[in-house]
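Engineer: Structure file input12.cif, mmCIF, C-alpha atoms and all ligand atoms, is pasted below:
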```cif
data_model
loop_
_atom_site.group_PDB
_atom_site.id
_atom_site.type_symbol
_atom_site.label_atom_id
_atom_site.label_comp_id
_atom_site.auth_asym_id
_atom_site.auth_seq_id
_atom_site.Cartn_x
_atom_site.Cartn_y
_atom_site.Cartn_z
ATOM 1 C CA MET A 1 3.720 -33.864 -7.677
ATOM 2 C CA ALA A 2 2.645 -30.304 -6.854
ATOM 3 C CA ALA A 3 3.893 -29.008 -3.505
ATOM 4 C CA THR A 4 1.252 -28.867 -0.803
ATOM 5 C CA PHE A 5 -0.326 -25.492 -0.216
ATOM 6 C CA VAL A 6 0.090 -24.553 3.444
ATOM 7 C CA THR A 7 -1.191 -21.340 4.962
ATOM 8 C CA ARG A 8 -1.997 -20.180 8.459
ATOM 9 C CA PHE A 9 -3.904 -17.765 10.659
ATOM 10 C CA ALA A 10 -1.646 -16.336 13.346
ATOM 11 C CA PRO A 11 -3.501 -13.991 15.705
ATOM 12 C CA SER A 12 -1.970 -12.351 18.754
ATOM 13 C CA PRO A 13 -4.243 -12.849 21.772
ATOM 14 C CA THR A 14 -4.287 -9.196 22.807
ATOM 15 C CA GLY A 15 -8.066 -8.882 22.589
ATOM 16 C CA GLN A 16 -11.160 -10.542 21.167
ATOM 17 C CA LEU A 17 -11.460 -11.310 17.466
ATOM 18 C CA HIS A 18 -13.533 -8.931 15.341
ATOM 19 C CA LEU A 19 -14.796 -9.066 11.749
ATOM 20 C CA GLY A 20 -11.375 -8.086 10.391
ATOM 21 C CA HIS A 21 -9.854 -11.198 11.934
ATOM 22 C CA ALA A 22 -12.721 -13.356 10.682
ATOM 23 C CA HIS A 23 -12.173 -11.950 7.177
ATOM 24 C CA SER A 24 -8.488 -12.899 7.298
ATOM 25 C CA ALA A 25 -9.023 -16.337 8.832
ATOM 26 C CA LEU A 26 -11.747 -17.212 6.302
ATOM 27 C CA LEU A 27 -9.611 -16.164 3.327
ATOM 28 C CA GLY A 28 -6.724 -18.380 4.442
ATOM 29 C CA TRP A 29 -8.979 -21.265 5.400
ATOM 30 C CA ARG A 30 -10.880 -21.220 2.076
ATOM 31 C CA ALA A 31 -7.648 -20.962 0.088
ATOM 32 C CA ALA A 32 -6.230 -23.997 1.890
ATOM 33 C CA ARG A 33 -9.391 -26.052 1.581
ATOM 34 C CA GLN A 34 -9.838 -25.206 -2.127
ATOM 35 C CA ALA A 35 -6.221 -26.164 -2.817
ATOM 36 C CA GLY A 36 -6.553 -29.407 -0.865
ATOM 37 C CA GLY A 37 -3.780 -28.041 1.349
ATOM 38 C CA ARG A 38 -3.301 -27.383 5.023
ATOM 39 C CA PHE A 39 -4.588 -24.595 7.232
ATOM 40 C CA LEU A 40 -2.643 -24.016 10.436
ATOM 41 C CA LEU A 41 -3.529 -22.041 13.516
ATOM 42 C CA ARG A 42 -0.795 -20.338 15.492
ATOM 43 C CA ILE A 43 -1.197 -18.207 18.597
ATOM 44 C CA GLU A 44 1.413 -15.447 18.634
ATOM 45 C CA ASP A 45 1.483 -14.795 22.364
ATOM 46 C CA ILE A 46 5.152 -13.930 22.673
ATOM 47 C CA ASP A 47 4.496 -10.585 24.364
ATOM 48 C CA PRO A 48 3.658 -11.371 28.010
ATOM 49 C CA VAL A 49 2.582 -7.788 28.664
ATOM 50 C CA ARG A 50 -0.140 -7.595 26.003
ATOM 51 C CA CYS A 51 -1.266 -11.214 25.572
ATOM 52 C CA ARG A 52 -3.735 -13.017 27.831
ATOM 53 C CA PRO A 53 -4.712 -16.709 27.960
ATOM 54 C CA GLU A 54 -8.429 -15.900 28.086
ATOM 55 C CA PHE A 55 -8.121 -14.252 24.667
ATOM 56 C CA THR A 56 -6.507 -17.445 23.332
ATOM 57 C CA THR A 57 -9.477 -19.443 24.636
ATOM 58 C CA GLY A 58 -11.829 -16.939 22.997
ATOM 59 C CA ILE A 59 -10.009 -17.193 19.639
ATOM 60 C CA LEU A 60 -10.341 -20.983 19.573
ATOM 61 C CA GLN A 61 -14.040 -20.746 20.464
ATOM 62 C CA ASP A 62 -14.774 -18.046 17.878
ATOM 63 C CA LEU A 63 -13.068 -19.942 15.050
ATOM 64 C CA ALA A 64 -14.827 -23.195 15.913
ATOM 65 C CA TRP A 65 -18.168 -21.357 16.075
ATOM 66 C CA LEU A 66 -17.523 -19.833 12.640
ATOM 67 C CA GLY A 67 -16.935 -23.340 11.276
ATOM 68 C CA ILE A 68 -13.213 -22.898 10.656
ATOM 69 C CA ASP A 69 -11.145 -25.999 11.351
ATOM 70 C CA TRP A 70 -7.368 -26.287 11.348
ATOM 71 C CA ASP A 71 -4.875 -29.050 10.687
ATOM 72 C CA GLY A 72 -2.621 -30.436 13.384
ATOM 73 C CA PRO A 73 -2.035 -28.988 16.823
ATOM 74 C CA VAL A 74 -2.230 -25.248 17.490
ATOM 75 C CA ARG A 75 1.258 -23.817 17.892
ATOM 76 C CA ILE A 76 1.403 -21.570 20.955
ATOM 77 C CA GLN A 77 4.534 -19.448 20.647
ATOM 78 C CA SER A 78 5.071 -18.922 24.382
ATOM 79 C CA GLY A 79 5.655 -22.670 24.686
ATOM 80 C CA HIS A 80 8.631 -22.571 22.312
ATOM 81 C CA LEU A 81 10.967 -19.959 23.738
ATOM 82 C CA PRO A 82 14.113 -22.111 23.300
ATOM 83 C CA ASP A 83 13.454 -22.178 19.522
ATOM 84 C CA TYR A 84 13.550 -18.393 19.328
ATOM 85 C CA ARG A 85 16.549 -18.204 21.653
ATOM 86 C CA ALA A 86 18.433 -20.525 19.292
ATOM 87 C CA VAL A 87 17.762 -18.144 16.385
ATOM 88 C CA LEU A 88 19.020 -15.197 18.439
ATOM 89 C CA GLU A 89 22.124 -17.157 19.363
ATOM 90 C CA LYS A 90 22.847 -18.041 15.764
ATOM 91 C CA LEU A 91 22.507 -14.452 14.573
ATOM 92 C CA SER A 92 24.517 -13.248 17.554
ATOM 93 C CA GLY A 93 27.245 -15.800 16.867
ATOM 94 C CA GLU A 94 27.527 -14.393 13.357
ATOM 95 C CA GLY A 95 28.024 -10.879 14.705
ATOM 96 C CA LEU A 96 24.667 -9.653 13.407
ATOM 97 C CA LEU A 97 23.143 -8.610 16.764
ATOM 98 C CA TYR A 98 24.245 -6.262 19.484
ATOM 99 C CA PRO A 99 22.899 -5.500 22.960
ATOM 100 C CA CYS A 100 21.129 -2.170 23.321
ATOM 101 C CA PHE A 101 20.825 -0.702 26.811
ATOM 102 C CA CYS A 102 18.962 2.453 25.776
ATOM 103 C CA THR A 103 15.688 3.448 27.359
ATOM 104 C CA ARG A 104 13.051 5.294 25.328
ATOM 105 C CA ALA A 105 14.198 8.494 27.029
ATOM 106 C CA ASP A 106 17.829 7.840 26.009
ATOM 107 C CA ILE A 107 16.752 7.382 22.399
ATOM 108 C CA ALA A 108 14.586 10.519 22.472
ATOM 109 C CA ARG A 109 17.509 12.518 23.865
ATOM 110 C CA GLU A 110 19.908 11.194 21.253
ATOM 111 C CA VAL A 111 17.464 11.879 18.436
ATOM 112 C CA ALA A 112 16.869 15.421 19.718
ATOM 113 C CA ALA A 113 20.633 15.991 19.788
ATOM 114 C CA ILE A 114 20.975 14.787 16.184
ATOM 115 C CA GLY A 115 18.144 17.106 15.204
ATOM 116 C CA HIS A 116 16.192 14.790 12.911
ATOM 117 C CA ALA A 117 14.066 11.729 13.578
ATOM 118 C CA PRO A 118 13.677 9.395 10.595
ATOM 119 C CA HIS A 119 10.900 6.826 10.919
ATOM 120 C CA GLY A 120 10.542 3.312 9.492
ATOM 121 C CA PRO A 121 7.593 0.896 9.381
ATOM 122 C CA ASP A 122 7.994 0.155 13.130
ATOM 123 C CA GLY A 123 8.412 3.785 14.183
ATOM 124 C CA LEU A 124 11.408 5.901 15.063
ATOM 125 C CA LEU A 125 14.694 4.605 13.654
ATOM 126 C CA TYR A 126 17.306 3.793 16.261
ATOM 127 C CA PRO A 127 20.206 6.258 16.114
ATOM 128 C CA GLY A 128 22.792 3.517 16.656
ATOM 129 C CA THR A 129 24.122 4.608 20.072
ATOM 130 C CA CYS A 130 24.826 1.113 21.434
ATOM 131 C CA ARG A 131 26.191 -0.160 18.121
ATOM 132 C CA ARG A 132 29.221 2.007 18.852
ATOM 133 C CA LEU A 133 29.964 0.531 22.303
ATOM 134 C CA SER A 134 33.161 -1.455 22.671
ATOM 135 C CA ALA A 135 33.057 -5.168 23.422
ATOM 136 C CA ALA A 136 34.500 -4.450 26.872
ATOM 137 C CA GLU A 137 31.835 -1.877 27.664
ATOM 138 C CA ARG A 138 29.073 -4.240 26.538
ATOM 139 C CA ALA A 139 30.445 -7.044 28.692
ATOM 140 C CA GLU A 140 30.773 -4.743 31.693
ATOM 141 C CA ARG A 141 27.203 -3.458 31.468
ATOM 142 C CA ILE A 142 25.780 -6.961 31.005
ATOM 143 C CA GLU A 143 27.869 -8.150 33.952
ATOM 144 C CA ALA A 144 26.464 -5.296 36.037
ATOM 145 C CA GLY A 145 22.967 -6.612 35.340
ATOM 146 C CA GLU A 146 21.802 -3.771 33.098
ATOM 147 C CA ALA A 147 18.736 -4.743 31.046
ATOM 148 C CA TYR A 148 19.220 -4.859 27.297
ATOM 149 C CA ALA A 149 17.404 -5.530 24.060
ATOM 150 C CA LEU A 150 19.017 -7.233 21.063
ATOM 151 C CA ARG A 151 19.123 -5.273 17.837
ATOM 152 C CA LEU A 152 19.939 -6.395 14.331
ATOM 153 C CA ASP A 153 22.989 -4.630 12.916
ATOM 154 C CA MET A 154 21.246 -3.747 9.675
ATOM 155 C CA GLU A 155 24.369 -2.738 7.801
ATOM 156 C CA ALA A 156 26.098 -6.020 8.645
ATOM 157 C CA ALA A 157 22.942 -7.967 7.772
ATOM 158 C CA LEU A 158 22.571 -6.247 4.399
ATOM 159 C CA ALA A 159 26.211 -6.959 3.619
ATOM 160 C CA ARG A 160 25.347 -10.652 4.011
ATOM 161 C CA ALA A 161 22.519 -10.382 1.507
ATOM 162 C CA LYS A 162 24.949 -9.372 -1.271
ATOM 163 C CA GLY A 163 22.360 -7.655 -3.388
ATOM 164 C CA PRO A 164 18.657 -6.905 -3.336
ATOM 165 C CA LEU A 165 16.181 -9.427 -1.972
ATOM 166 C CA ALA A 166 12.675 -9.921 -3.295
ATOM 167 C CA PHE A 167 9.516 -11.884 -2.587
ATOM 168 C CA LEU A 168 6.448 -12.947 -4.531
ATOM 169 C CA GLU A 169 3.295 -11.024 -3.682
ATOM 170 C CA HIS A 170 0.245 -12.410 -5.528
ATOM 171 C CA GLY A 171 2.711 -13.732 -8.098
ATOM 172 C CA ARG A 172 4.450 -10.383 -8.601
ATOM 173 C CA ARG A 173 8.084 -10.013 -7.639
ATOM 174 C CA LEU A 174 8.500 -7.185 -5.135
ATOM 175 C CA ARG A 175 11.912 -5.890 -4.227
ATOM 176 C CA CYS A 176 12.668 -5.574 -0.498
ATOM 177 C CA GLU A 177 14.058 -2.592 1.314
ATOM 178 C CA PRO A 178 14.699 -3.919 4.827
ATOM 179 C CA ALA A 179 17.053 -0.991 5.508
ATOM 180 C CA ARG A 180 13.904 1.045 6.195
ATOM 181 C CA PHE A 181 13.721 -0.724 9.570
ATOM 182 C CA GLY A 182 17.156 0.399 10.695
ATOM 183 C CA ASP A 183 18.672 -1.556 13.583
ATOM 184 C CA VAL A 184 15.390 -3.242 14.466
ATOM 185 C CA VAL A 185 14.856 -4.874 17.877
ATOM 186 C CA LEU A 186 14.738 -8.691 17.659
ATOM 187 C CA ALA A 187 14.416 -9.269 21.422
ATOM 188 C CA ARG A 188 13.002 -6.591 23.703
ATOM 189 C CA LYS A 189 14.084 -6.086 27.290
ATOM 190 C CA ASP A 190 10.755 -7.489 28.517
ATOM 191 C CA THR A 191 10.007 -9.946 25.670
ATOM 192 C CA PRO A 192 12.156 -12.966 24.763
ATOM 193 C CA ALA A 193 11.884 -12.415 21.000
ATOM 194 C CA SER A 194 10.153 -10.030 18.619
ATOM 195 C CA TYR A 195 7.150 -10.678 16.409
ATOM 196 C CA HIS A 196 9.375 -10.449 13.310
ATOM 197 C CA LEU A 197 11.723 -13.149 14.518
ATOM 198 C CA CYS A 198 9.058 -15.559 15.786
ATOM 199 C CA VAL A 199 6.779 -15.236 12.770
ATOM 200 C CA THR A 200 9.545 -15.964 10.261
ATOM 201 C CA HIS A 201 10.919 -18.817 12.352
ATOM 202 C CA ASP A 202 7.520 -20.452 12.716
ATOM 203 C CA ASP A 203 6.478 -20.043 9.091
ATOM 204 C CA ALA A 204 9.709 -21.796 8.096
ATOM 205 C CA LEU A 205 9.400 -24.497 10.747
ATOM 206 C CA GLN A 206 5.781 -25.212 9.879
ATOM 207 C CA GLY A 207 6.411 -25.318 6.137
ATOM 208 C CA VAL A 208 4.031 -22.452 5.349
ATOM 209 C CA SER A 209 4.128 -22.064 1.567
ATOM 210 C CA CYS A 210 1.814 -19.068 1.186
ATOM 211 C CA ILE A 211 1.301 -16.359 3.768
ATOM 212 C CA THR A 212 -2.188 -14.908 3.751
ATOM 213 C CA ARG A 213 -2.569 -11.881 6.012
ATOM 214 C CA ALA A 214 -3.734 -8.273 5.934
ATOM 215 C CA VAL A 215 -1.914 -5.686 3.869
ATOM 216 C CA ASP A 216 -0.896 -3.691 6.945
ATOM 217 C CA LEU A 217 1.860 -6.311 7.345
ATOM 218 C CA LEU A 218 3.177 -5.892 3.797
ATOM 219 C CA PRO A 219 5.975 -3.488 4.876
ATOM 220 C CA ALA A 220 7.115 -5.999 7.535
ATOM 221 C CA THR A 221 7.647 -8.572 4.789
ATOM 222 C CA ASP A 222 10.820 -6.763 3.657
ATOM 223 C CA LEU A 223 12.374 -7.491 7.027
ATOM 224 C CA HIS A 224 10.980 -11.025 7.153
ATOM 225 C CA ARG A 225 12.612 -11.788 3.820
ATOM 226 C CA LEU A 226 15.962 -10.568 5.156
ATOM 227 C CA LEU A 227 15.643 -12.771 8.258
ATOM 228 C CA GLN A 228 14.772 -15.753 6.049
ATOM 229 C CA HIS A 229 17.873 -15.078 4.001
ATOM 230 C CA LEU A 230 20.126 -14.739 7.059
ATOM 231 C CA MET A 231 18.780 -17.947 8.571
ATOM 232 C CA GLY A 232 18.735 -19.953 5.338
ATOM 233 C CA TRP A 233 14.967 -20.453 5.528
ATOM 234 C CA PRO A 234 12.837 -20.873 2.393
ATOM 235 C CA ALA A 235 11.003 -17.865 0.967
ATOM 236 C CA PRO A 236 7.238 -18.452 1.062
ATOM 237 C CA ARG A 237 4.805 -16.775 -1.325
ATOM 238 C CA TYR A 238 2.716 -13.918 0.032
ATOM 239 C CA ALA A 239 -0.903 -12.958 -0.585
ATOM 240 C CA HIS A 240 -1.699 -9.895 1.512
ATOM 241 C CA HIS A 241 -5.371 -8.999 1.444
ATOM 242 C CA PRO A 242 -7.025 -5.591 1.844
ATOM 243 C CA LEU A 243 -8.112 -4.621 5.328
ATOM 244 C CA ARG A 244 -11.764 -5.101 6.025
ATOM 245 C CA LEU A 245 -13.183 -1.692 6.780
ATOM 246 C CA GLY A 246 -15.793 -0.506 9.252
ATOM 247 C CA PRO A 247 -19.009 1.315 8.223
ATOM 248 C CA ASP A 248 -17.092 4.613 8.360
ATOM 249 C CA GLY A 249 -14.585 3.320 5.795
ATOM 250 C CA LYS A 250 -11.820 3.149 8.424
ATOM 251 C CA ARG A 251 -9.968 0.001 9.418
ATOM 252 C CA LEU A 252 -11.558 -2.055 12.163
ATOM 253 C CA SER A 253 -9.743 -1.977 15.447
ATOM 254 C CA LYS A 254 -10.253 -2.799 19.063
ATOM 255 C CA ARG A 255 -9.647 0.800 19.955
ATOM 256 C CA ASP A 256 -12.528 1.960 17.755
ATOM 257 C CA LYS A 257 -14.789 -0.623 19.397
ATOM 258 C CA ALA A 258 -15.267 -2.808 16.324
ATOM 259 C CA PRO A 259 -17.940 -5.402 17.187
ATOM 260 C CA THR A 260 -16.295 -8.596 18.347
ATOM 261 C CA LEU A 261 -17.334 -12.005 17.056
ATOM 262 C CA ALA A 262 -18.416 -12.884 20.611
ATOM 263 C CA ALA A 263 -20.698 -9.832 20.725
ATOM 264 C CA LEU A 264 -22.216 -10.671 17.325
ATOM 265 C CA ARG A 265 -22.825 -14.233 18.502
ATOM 266 C CA GLU A 266 -24.437 -13.036 21.714
ATOM 267 C CA ALA A 267 -26.613 -10.629 19.728
ATOM 268 C CA GLY A 268 -28.098 -13.695 18.012
ATOM 269 C CA HIS A 269 -26.321 -13.633 14.629
ATOM 270 C CA SER A 270 -25.715 -17.080 13.111
ATOM 271 C CA PRO A 271 -22.242 -18.243 12.031
ATOM 272 C CA GLU A 272 -23.429 -18.049 8.382
ATOM 273 C CA ALA A 273 -24.530 -14.441 8.858
ATOM 274 C CA VAL A 274 -21.214 -13.480 10.484
ATOM 275 C CA ARG A 275 -19.272 -15.251 7.723
ATOM 276 C CA ALA A 276 -21.190 -13.189 5.165
ATOM 277 C CA MET A 277 -20.483 -9.979 7.121
ATOM 278 C CA ALA A 278 -16.807 -10.889 7.285
ATOM 279 C CA ALA A 279 -16.649 -11.523 3.535
ATOM 280 C CA ALA A 280 -17.988 -8.067 2.653
ATOM 281 C CA PRO A 281 -15.164 -5.547 2.158
ATOM 282 C CA GLN A 282 -16.893 -2.989 4.356
ATOM 283 C CA ALA A 283 -19.319 -3.410 7.240
ATOM 284 C CA ALA A 284 -22.886 -2.151 6.938
ATOM 285 C CA ALA A 285 -23.872 0.586 9.378
ATOM 286 C CA GLY A 286 -24.758 -0.871 12.754
ATOM 287 C CA VAL A 287 -22.452 -3.879 12.453
HETATM 288 N N1 LIG A 301 0.270 -12.049 15.027
HETATM 289 C C1 LIG A 301 0.128 -10.998 14.067
HETATM 290 C C2 LIG A 301 -1.051 -10.137 14.416
HETATM 291 O O1 LIG A 301 -1.961 -10.600 15.084
HETATM 292 C C3 LIG A 301 -0.083 -11.486 12.650
HETATM 293 C C4 LIG A 301 1.050 -12.277 12.168
HETATM 294 C C5 LIG A 301 1.075 -12.602 10.694
HETATM 295 O O2 LIG A 301 0.029 -12.945 10.120
HETATM 296 O O3 LIG A 301 2.141 -12.534 10.127
HETATM 297 O O4 LIG A 301 -1.070 -8.993 14.012
#
```
Can you dump the structure from the file as C-alpha cells?
Structural biologist:
Amino acid sequence: MAATFVTRFAPSPTGQLHLGHAHSALLGWRAARQAGGRFLLRIEDIDPVRCRPEFTTGILQDLAWLGIDWDGPVRIQSGHLPDYRAVLEKLSGEGLLYPCFCTRADIAREVAAIGHAPHGPDGLLYPGTCRRLSAAERAERIEAGEAYALRLDMEAALARAKGPLAFLEHGRRLRCEPARFGDVVLARKDTPASYHLCVTHDDALQGVSCITRAVDLLPATDLHRLLQHLMGWPAPRYAHHPLRLGPDGKRLSKRDKAPTLAALREAGHSPEAVRAMAAAPQAAAGV
C-alpha cells in the first residue's frame, strides 16, 4: 500500500495573511486532496514577542473563507512547550548544545575585534565566544541568574552526521551544508525554542511526508535535515515553490503593504476570485 501523502500549512501569526500565504496554502491543500492524503494546519506561534492570538483567529477565518479545509485539530505550537523542551534536553544531554550569554552588543564587539563578519542564512555567524567557556563558568553564570540562549555546537553536530546529509527536493537529491548556519540558536533568551527546532519536531510528530512551502525556506532545510538526523526523525520530501510576486515583481510582504486576504474580502472580491489571484505567479497592478 502506498504511504499516505501528508503535507501542511504552517503560518506564523505575526500579521494577516496575504496572497503569498494563500498561494502556499492552496498549493499544499490541492496536492493533499489530489493525492487523497492529509492536509494539516499548524500555527507556529512560538515567538511570544511577534505572534498575536488575533492573527491566529484571522488565519483560521481567511482559510475557511477561501474554502480550504484541514484534517484533524490545528496544532498550536505555544500549547506544546514541553515537547520542545524535551528535544532541547536530549540534544543537551548529548553535549550538542551550550548556553550562550552574549548580548547582540557582545557579539558585535567580538566580531569587530576579529575583523571579519561571515554571514549564514540566518544572519551573522556567531563567533563562538561562549563555546569556549568552562563548565564551571557556565554553571556559575546560570546560578547567578544570567539569561542565556542555547546554541547548537555545529562542529560536534556535524561529527555525529559522519558524512554529508541530503534531502529530496522535487525528487532531486540535494546535498546539505548545515555548517553555513554556524552555532545556530535553538532556544532564544526570550523564546522557549527556535523555529528550526519546532518545525522539524512537529513535522516528524505529525508524520508530514512532503513539505510544501516557499523557496525562501530552502536554505533552512539544510539545518532541518541535520536536526532530523540528530534526533532520529524521518526525512520528509520537500517541494519548495516559487514566491508569489507583487505587481512590481518583488516578493509580497507585510512591510510592503501587500493586500491582505481580509482587505480583498472587504473590497468585495469573492473567494473564487482571490483563489485565482493567488494562483497567478505575479499579482496584476492594483491587487
Ligand atoms: N512558520 C513559518 C513561516 O510562517 C513557515 C514554516 C514552514 O513552512 O516550514 O514563515
Engineer: To verify the selection step, state as an NGL selection string which residues the PyMOL selection byres (((not hetatm)) within 10 of (chain A and resi 301)) yields on this input.
Structural biologist: :A and (7-15 or 17 or 21 or 24-25 or 42-46 or 195-196 or 198-200 or 202-203 or 211-218 or 220-221 or 224 or 240)
Engineer: Could you jot down the CA of Ser209 in chain A to CA of Pro236 in chain A separation for me, Å, one decimal place?
Structural biologist: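 These atoms are spaced 4.8 Å apart.
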Engineer: What does the distance from CA of Leu125 in chain A to CA of Val185 in chain A come to in Å, to one decimal?
Structural biologist: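 For CA of Leu125 in chain A relative to CA of Val185 in chain A, the distance reads 10.4 Å.
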Engineer: Can you write out as JSON lines which residues of range 6-105 of chain A fall within 9 Å of range 153-166 of chain A, alongside each residue's closest atom pair and its distance in Å to one decimal, counting only C-alpha atoms and ordering rows by chain and ascending residue number?
Structural biologist:
```
{"residue": "A:Gly95", "atom": "CA", "partner": "A:Ala156", "partner_atom": "CA", "distance": 8.0}
{"residue": "A:Leu96", "atom": "CA", "partner": "A:Asp153", "partner_atom": "CA", "distance": 5.3}
{"residue": "A:Leu97", "atom": "CA", "partner": "A:Asp153", "partner_atom": "CA", "distance": 5.5}
{"residue": "A:Tyr98", "atom": "CA", "partner": "A:Asp153", "partner_atom": "CA", "distance": 6.9}
```
Engineer: Enter the distance from CA of Thr4 in chain A to CA of Trp65 in chain A, in Å, rounded to one decimal.
Structural biologist: 26.8 Å
Engineer: For Met231 in chain A, which residue out of A:Ala258, A:Leu197, A:Ala187, A:Ala105 is the nearest one, using all atoms listed in the file?
Structural biologist: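 Comparing A:Ala258, A:Leu197, A:Ala187, A:Ala105 against Met231 in chain A, the winner is A:Leu197.
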Engineer: Given 8 Å of margin on each side, can you work out the centre and size in Å (one decimal) of an axis-aligned box holding every listed atom of range 171-175 of chain A, as JSON?
Structural biologist:
```
{"center_x": 7.3, "center_y": -9.8, "center_z": -6.4, "size_x": 25.2, "size_y": 23.8, "size_z": 20.4}
```
Engineer: List as a ChimeraX atom specification the protein and nucleic acid residues near Ala278 in chain A, meaning an atom at most 7 Å away when all atoms listed in the file are counted, but skip any in the same chain fewer than 5 places from it.
Structural biologist: /A:19-20,22-23
Engineer: Quick check on the file I pasted: which residues fall under the PyMOL selection byres (((chain A and resi 59) around 9) and not hetatm)? Write them as a list in words.
Structural biologist: Pro11, Pro13, Gln16, Leu17, Ile43, Glu54, Phe55, Thr56, Thr57, Gly58, Leu60, Gln61, Asp62, Leu63 and Ala64 of chain A
Engineer: Select, from A:Arg131, A:His18, A:Arg38, A:Arg85, the residue with the minimum atom-to-atom distance to Leu66 in chain A, counting only C-alpha atoms.
Structural biologist: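 For Leu66 in chain A, the nearest of the candidates is A:His18.
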Engineer: Find the residues near Gly246 in chain A: any atom within 6 Å, counting all atoms listed in the file, skip ones fewer than 3 places away on the same chain, and give them as a JSON list (two decimals) with C-alpha atoms, in the coordinates of the input.
Structural biologist:
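Everything below was put into out-v9.json:
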```json
[["chain", "number", "residue", "atom", "x", "y", "z"],
["A", 249, "GLY", "CA", -14.58, 3.32, 5.80],
["A", 250, "LYS", "CA", -11.82, 3.15, 8.42],
["A", 251, "ARG", "CA", -9.97, 0.00, 9.42],
["A", 252, "LEU", "CA", -11.56, -2.06, 12.16],
["A", 282, "GLN", "CA", -16.89, -2.99, 4.36],
["A", 283, "ALA", "CA", -19.32, -3.41, 7.24]]
```
Engineer: Neighbouring residues of Gly171 in chain A were defined as those with any atom within 10 Å, considering all atoms listed in the file; residues of the same chain fewer than 2 positions away were excluded. Please report them as a PyMOL selection string.
Structural biologist: chain A and resi 167-169+173-174+237-239
Engineer: Every residue with an atom at most 10 Å from (15.2, -12.3, 18.0) (file coordinates; only C-alpha atoms) is what I'm after, so could you write them as a list of chain:residue names?
Structural biologist: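 The residues that fall inside the cut-off are A:Tyr84, A:Arg85, A:Ala86, A:Val87, A:Leu88, A:Glu89, A:Lys90, A:Leu91, A:Ser92, A:Leu97, A:Ala149, A:Leu150, A:Arg151, A:Leu152, A:Val184, A:Val185, A:Leu186, A:Ala187, A:Arg188, A:Thr191, A:Pro192, A:Ala193, A:Ser194, A:Tyr195, A:His196, A:Leu197, A:Cys198, A:His201, A:Leu227.
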Engineer: Keeping only C-alpha atoms, write the selected residues to a file as a PDB file, in the frame of the given file.
Structural biologist:
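Output (part-v6.pdb):
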```pdb
ATOM      1  CA  TYR A  84      13.550 -18.393  19.328  1.00  0.00           C
ATOM      2  CA  ARG A  85      16.549 -18.204  21.653  1.00  0.00           C
ATOM      3  CA  ALA A  86      18.433 -20.525  19.292  1.00  0.00           C
ATOM      4  CA  VAL A  87      17.762 -18.144  16.385  1.00  0.00           C
ATOM      5  CA  LEU A  88      19.020 -15.197  18.439  1.00  0.00           C
ATOM      6  CA  GLU A  89      22.124 -17.157  19.363  1.00  0.00           C
ATOM      7  CA  LYS A  90      22.847 -18.041  15.764  1.00  0.00           C
ATOM      8  CA  LEU A  91      22.507 -14.452  14.573  1.00  0.00           C
ATOM      9  CA  SER A  92      24.517 -13.248  17.554  1.00  0.00           C
ATOM     10  CA  LEU A  97      23.143  -8.610  16.764  1.00  0.00           C
ATOM     11  CA  ALA A 149      17.404  -5.530  24.060  1.00  0.00           C
ATOM     12  CA  LEU A 150      19.017  -7.233  21.063  1.00  0.00           C
ATOM     13  CA  ARG A 151      19.123  -5.273  17.837  1.00  0.00           C
ATOM     14  CA  LEU A 152      19.939  -6.395  14.331  1.00  0.00           C
ATOM     15  CA  VAL A 184      15.390  -3.242  14.466  1.00  0.00           C
ATOM     16  CA  VAL A 185      14.856  -4.874  17.877  1.00  0.00           C
ATOM     17  CA  LEU A 186      14.738  -8.691  17.659  1.00  0.00           C
ATOM     18  CA  ALA A 187      14.416  -9.269  21.422  1.00  0.00           C
ATOM     19  CA  ARG A 188      13.002  -6.591  23.703  1.00  0.00           C
ATOM     20  CA  THR A 191      10.007  -9.946  25.670  1.00  0.00           C
ATOM     21  CA  PRO A 192      12.156 -12.966  24.763  1.00  0.00           C
ATOM     22  CA  ALA A 193      11.884 -12.415  21.000  1.00  0.00           C
ATOM     23  CA  SER A 194      10.153 -10.030  18.619  1.00  0.00           C
ATOM     24  CA  TYR A 195       7.150 -10.678  16.409  1.00  0.00           C
ATOM     25  CA  HIS A 196       9.375 -10.449  13.310  1.00  0.00           C
ATOM     26  CA  LEU A 197      11.723 -13.149  14.518  1.00  0.00           C
ATOM     27  CA  CYS A 198       9.058 -15.559  15.786  1.00  0.00           C
ATOM     28  CA  HIS A 201      10.919 -18.817  12.352  1.00  0.00           C
ATOM     29  CA  LEU A 227      15.643 -12.771   8.258  1.00  0.00           C
TER      30      LEU A 227
END
```
Engineer: Take the PyMOL selection byres (((chain A and resi 109-122) around 10) and not hetatm), apply it to the structure above, and return the hits as a list in words.
Structural biologist: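 Evaluating the PyMOL selection byres (((chain A and resi 109-122) around 10) and not hetatm) on this file yields Cys102, Thr103, Arg104, Ala105, Asp106, Ile107, Ala108, Gly123, Leu124, Leu125, Tyr126, Pro127, Gly128, Thr129, Pro178, Ala179, Arg180, Phe181, Gly182, Val184, Val185, Asp216, Leu217, Leu218, Pro219, Ala220 and Leu223 of chain A.
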Engineer: I'd like to know which of A:Cys130, A:Ala279, A:Ile68, A:Ala136 is closest to Leu243 in chain A, using all atoms listed in the file.
Structural biologist: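 Among A:Cys130, A:Ala279, A:Ile68, A:Ala136, it is A:Ala279 that comes nearest to Leu243 in chain A.
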